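Data block below; observations after.
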Amino acid sequence: MIPVEGGLSRFLDIISSHLPPVIGPVRSARQTDIKLLRQFGRPAFAFSGATPWLLRVVEHKHIVNLYAGVTGGYYRNYSRVAPYNLFATTRTLLHEARHASKARDIGFRFGPRPPGGHARNKFSISYPAASFTFRWSAHRHRWLVWMDGARAETTDRGQLRPATVVIEYTRVGTSKFLERGVRPPFAFTVGSGRALVLRNATAYRVHWSRPHANGGTTFTLPSGKRMTFARGQVWVVLASRNGKYPA
C-alpha cells in the first residue's frame with residue numbers, strides 16, 4: 001500500500017502463486033511502483049495508464065509492460081463507476097507476459113512465530129484522506145481489514161484478510177513526475193528504518209533494510225534474528241516516518 005496524491009492510497013498487488021481469474025479494478029502507475037518492482041527481476045506490470053513522462057520510464061525499465069493501452073485482456077464493468085471499473089483476465093495477461101521472470105527471494109522469511117513481541121489484536125494507520133484498521137480474527141487466523149470505517153471486501157471471497165501486516169515507516173517525499181499538475185508523494189523504499197509487524201495477534205517492533213533498489217527488504221528483530229511471517233498474504237503499508245505527507 002503506497003501513499004498517493006490527495007492524501008489517498010493505492011494498492012500495488014504482487015501475485016505469484018494463487019492467481020485469481022480476474023484482477024481489478026486496475027489503476028494507473030506511480031513512481032513508487034517502479035522502484036518497488038525492481039527487486040522482482042523482470043516482473044509483468046499491469047496498469048491502466050500513467051503520465052506521459054512516467055509512461056516512457058515504464059517502457060524502458062526492466063519490466064514486462066502490460067499497459068492497458070497496448071495489451072489485451074482488459075475490459076470495463078459498466079455496473080461500476082469509472083475509473084473503478086477496469087478489470088483484466090489473468091489468463092490473457094499471463095499469455096502476454098511469457099518473458100516475465102519467475103518468483104524470487106525478496107527478503108521475506110516465513111516460519112513459526114518468533115518469541116517476544118506484545119499482544120495486540122487491533123491496529124489502525126491513516127493517510128491524510130484514507131484510514132485502515134486491521135483486527136485479528138482468532139477464528140480465521142487472519143487480520144481482517146477495514147477501510148475508512150467499512151469492511152474491505154472482495155467481490156467473491158469476503159473480507160480482505162492478510163496473514164501478516166507490515167507497517168513500514170519510511171521517508172515520503174515528492175515524485176519527479178507530475179500528476180494532474182502536482183507532484184504526488186513518493187515513498188523511499190531503498191534505505192532503512194523501523195517497522196511494526198502484525199502476526200498471530202502479536203506486534204513486533206523490527207528494523208527494515210533495503211540497501212539496493214535491485215534487492216529485497218530484510219526485517220530484523222532486536223535480537224538480530226530475521227523476522228518470520230505467517231504463511232499467506234503479506235501486506236506492506238508504506239507510512240511516513242514523521243507522519244507528514246505531501247499534498
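Chain labels run A, B, ... following the order of the C-alpha cells; each chain numbers its residues from 1, and ligands are numbered from 1 in the order shown.
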Please provide the set of residues having any atom within 12 Å of A:Thr32, restricted to only C-alpha atoms, with same-chain residues fewer than 5 positions apart removed, written as a ChimeraX atom specification. /A:1-4,9-12,37-38,54,58,171-177,184-190,213,238
Once DSSP has gone over the backbone, tell me which residues of stretch 52-238 of chain A are in helix (DSSP H, G or I), as number ranges by chain. A: 52-60, 90-96
Residues of stretch 1-246 of chain A in strand (DSSP E) according to DSSP, as a ChimeraX atom specification? /A:2-3,9-10,22-23,44-47,64-67,74-76,86-89,118-119,122-127,130-137,142-147,150-151,164-170,172-174,185-187,191-199,202-210,218-220,234-240
Given the choices A:Gly232, A:Gly117, A:Gly107, A:Gly181, which gets closest to A:His141 if the distance is worked out from only C-alpha atoms? A:Gly232
Would you mind listing what lies within 10 Å of A:Tyr204 as a VMD selection string, with only C-alpha atoms counted and same-chain residues fewer than 5 positions away left out? chain A and resid 114 to 120 166 195 to 199 220 to 222 227
Would you write out those residues with N, CA and C atoms, as a compact mmCIF listing (two decimals), in the first residue's frame?
```
# COMPACT_ATOMS: atom_id res chain seq x y z
N PRO A 114 8.09 -15.96 16.03
CA PRO A 114 9.27 -15.80 16.89
C PRO A 114 8.84 -15.40 18.31
N PRO A 115 9.70 -15.61 19.30
CA PRO A 115 9.37 -15.16 20.66
C PRO A 115 9.40 -13.63 20.73
N GLY A 116 8.85 -13.12 21.81
CA GLY A 116 8.84 -11.68 22.01
C GLY A 116 7.60 -11.03 21.45
N GLY A 117 7.71 -9.75 21.18
CA GLY A 117 6.55 -9.00 20.73
C GLY A 117 5.60 -8.73 21.89
N HIS A 118 4.49 -8.07 21.58
CA HIS A 118 3.50 -7.84 22.62
C HIS A 118 2.11 -8.06 22.03
N ALA A 119 1.20 -8.50 22.87
CA ALA A 119 -0.14 -8.84 22.41
C ALA A 119 -0.83 -7.63 21.80
N ARG A 120 -1.44 -7.84 20.65
CA ARG A 120 -2.18 -6.76 20.00
C ARG A 120 -3.17 -7.37 19.03
N VAL A 166 2.69 -5.58 7.64
CA VAL A 166 3.92 -4.86 7.96
C VAL A 166 3.67 -3.38 7.78
N ALA A 195 9.92 -0.61 11.64
CA ALA A 195 8.67 -1.17 11.15
C ALA A 195 7.96 -1.89 12.28
N LEU A 196 6.69 -2.12 12.09
CA LEU A 196 5.88 -2.90 13.02
C LEU A 196 5.27 -4.05 12.25
N VAL A 197 5.48 -5.26 12.74
CA VAL A 197 4.94 -6.45 12.08
C VAL A 197 3.82 -7.02 12.94
N LEU A 198 2.65 -7.22 12.32
CA LEU A 198 1.50 -7.81 12.99
C LEU A 198 1.31 -9.23 12.51
N ARG A 199 1.40 -10.19 13.42
CA ARG A 199 1.09 -11.58 13.07
C ARG A 199 0.62 -12.31 14.32
N THR A 220 14.39 -7.35 10.61
CA THR A 220 15.21 -7.94 11.65
C THR A 220 14.67 -7.59 13.02
N LEU A 221 14.62 -8.59 13.90
CA LEU A 221 14.19 -8.41 15.28
C LEU A 221 15.30 -7.73 16.10
N PRO A 222 14.97 -7.17 17.25
CA PRO A 222 16.01 -6.58 18.10
C PRO A 222 17.12 -7.56 18.46
N MET A 227 12.96 -11.59 11.16
CA MET A 227 11.55 -11.71 11.48
C MET A 227 10.90 -12.69 10.51
```
Which of A:Arg226, A:Ser240, A:Thr170, A:Thr218 sits closest to A:Asp105 [using only C-alpha atoms]: A:Thr218
For A:Thr51, list every protein, DNA or RNA residue within 9 Å, evaluated using only C-alpha atoms, and leave out those in the same chain fewer than 6 positions away; present the list as a VMD selection string. chain A and resid 28 to 30 177 to 180
Selected residues written out, all heavy atoms, as a short mmCIF file (atom, residue, chain, number, x, y, z; two decimals), in the first residue's frame:
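result_4.cif, freshly written:
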```
data_model
loop_
_atom_site.label_atom_id
_atom_site.label_comp_id
_atom_site.auth_asym_id
_atom_site.auth_seq_id
_atom_site.Cartn_x
_atom_site.Cartn_y
_atom_site.Cartn_z
N SER A 28 -3.85 3.42 -12.38
CA SER A 28 -2.66 3.95 -13.04
C SER A 28 -1.40 3.77 -12.19
O SER A 28 -1.47 3.53 -10.99
CB SER A 28 -2.87 5.42 -13.39
OG SER A 28 -3.23 6.16 -12.23
N ALA A 29 -0.25 3.92 -12.84
CA ALA A 29 1.04 3.70 -12.20
C ALA A 29 1.53 4.95 -11.49
O ALA A 29 1.17 6.08 -11.84
CB ALA A 29 2.06 3.25 -13.24
N ARG A 30 2.41 4.74 -10.51
CA ARG A 30 3.10 5.81 -9.81
C ARG A 30 4.59 5.48 -9.74
O ARG A 30 4.99 4.33 -9.89
CB ARG A 30 2.54 5.98 -8.39
CG ARG A 30 1.10 6.44 -8.33
CD ARG A 30 0.92 7.85 -8.89
NE ARG A 30 -0.46 8.33 -8.79
CZ ARG A 30 -1.41 8.08 -9.68
NH1 ARG A 30 -1.12 7.32 -10.73
NH2 ARG A 30 -2.62 8.57 -9.53
N PHE A 177 7.62 13.19 -11.20
CA PHE A 177 6.65 13.16 -12.29
C PHE A 177 5.35 13.83 -11.84
O PHE A 177 4.77 13.46 -10.81
CB PHE A 177 6.37 11.72 -12.72
CG PHE A 177 7.59 10.98 -13.17
CD1 PHE A 177 8.20 10.05 -12.35
CD2 PHE A 177 8.15 11.22 -14.42
CE1 PHE A 177 9.34 9.38 -12.75
CE2 PHE A 177 9.29 10.55 -14.83
CZ PHE A 177 9.89 9.63 -14.00
N LEU A 178 4.88 14.79 -12.61
CA LEU A 178 3.65 15.49 -12.28
C LEU A 178 2.44 14.58 -12.47
O LEU A 178 2.39 13.77 -13.38
CB LEU A 178 3.48 16.74 -13.16
CG LEU A 178 4.46 17.90 -12.90
CD1 LEU A 178 4.25 18.99 -13.96
CD2 LEU A 178 4.25 18.47 -11.51
N GLU A 179 1.45 14.74 -11.60
CA GLU A 179 0.19 14.02 -11.69
C GLU A 179 -0.92 15.05 -11.53
O GLU A 179 -1.12 15.59 -10.45
CB GLU A 179 0.09 12.95 -10.59
CG GLU A 179 -1.17 12.12 -10.63
CD GLU A 179 -1.21 11.16 -11.81
OE1 GLU A 179 -0.14 10.71 -12.25
OE2 GLU A 179 -2.32 10.87 -12.30
N ARG A 180 -1.59 15.36 -12.65
CA ARG A 180 -2.64 16.40 -12.65
C ARG A 180 -2.10 17.73 -12.13
O ARG A 180 -2.74 18.42 -11.34
CB ARG A 180 -3.84 15.94 -11.82
CG ARG A 180 -4.53 14.71 -12.38
CD ARG A 180 -5.74 14.33 -11.59
NE ARG A 180 -6.38 13.14 -12.15
CZ ARG A 180 -7.46 12.54 -11.65
NH1 ARG A 180 -8.01 13.05 -10.56
NH2 ARG A 180 -7.97 11.48 -12.22
#
```
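Our summary of the geometry notes that atom CA of A:Thr90 is positioned 25.9 Å from atom CA of A:Pro52.
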Hey, can you check how far atom CA of A:Ala50 sits from atom CA of A:Pro162?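 Atom CA of A:Pro162 lies 28.3 Å from atom CA of A:Ala50.
Across the model, the gap from atom CA of A:Pro112 to atom CA of A:Gly215 is 24.5 Å.
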Using only C-alpha atoms, which of A:Ser124, A:Phe219, A:Gly193, A:Arg210 sits nearest A:Asn242?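 Smallest separation from A:Asn242 among the options: A:Gly193.
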Would you please work out which residue, of A:Glu59, A:Pro25, A:Thr92, A:Phe123, is nearest to A:Asn77 when using only C-alpha atoms? A:Pro25
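With distances taken over only C-alpha atoms, A:Val26 is the one residue among A:Val26, A:Leu19, A:Leu8, A:Val182 lying closest to A:Arg76.
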What's around A:Thr155 at 12 Å? Count only C-alpha atoms, leave out sequence neighbours fewer than 2 positions away in its own chain, and write the answer as a PyMOL selection string. chain A and resi 20+22-25+152-153+157-160
May I have the residues within 8 Å of A:Leu66 as an NGL selection string, using only C-alpha atoms and disregarding those fewer than 4 positions away in the same chain? :A and (44-47 or 70-71 or 93 or 96-97)
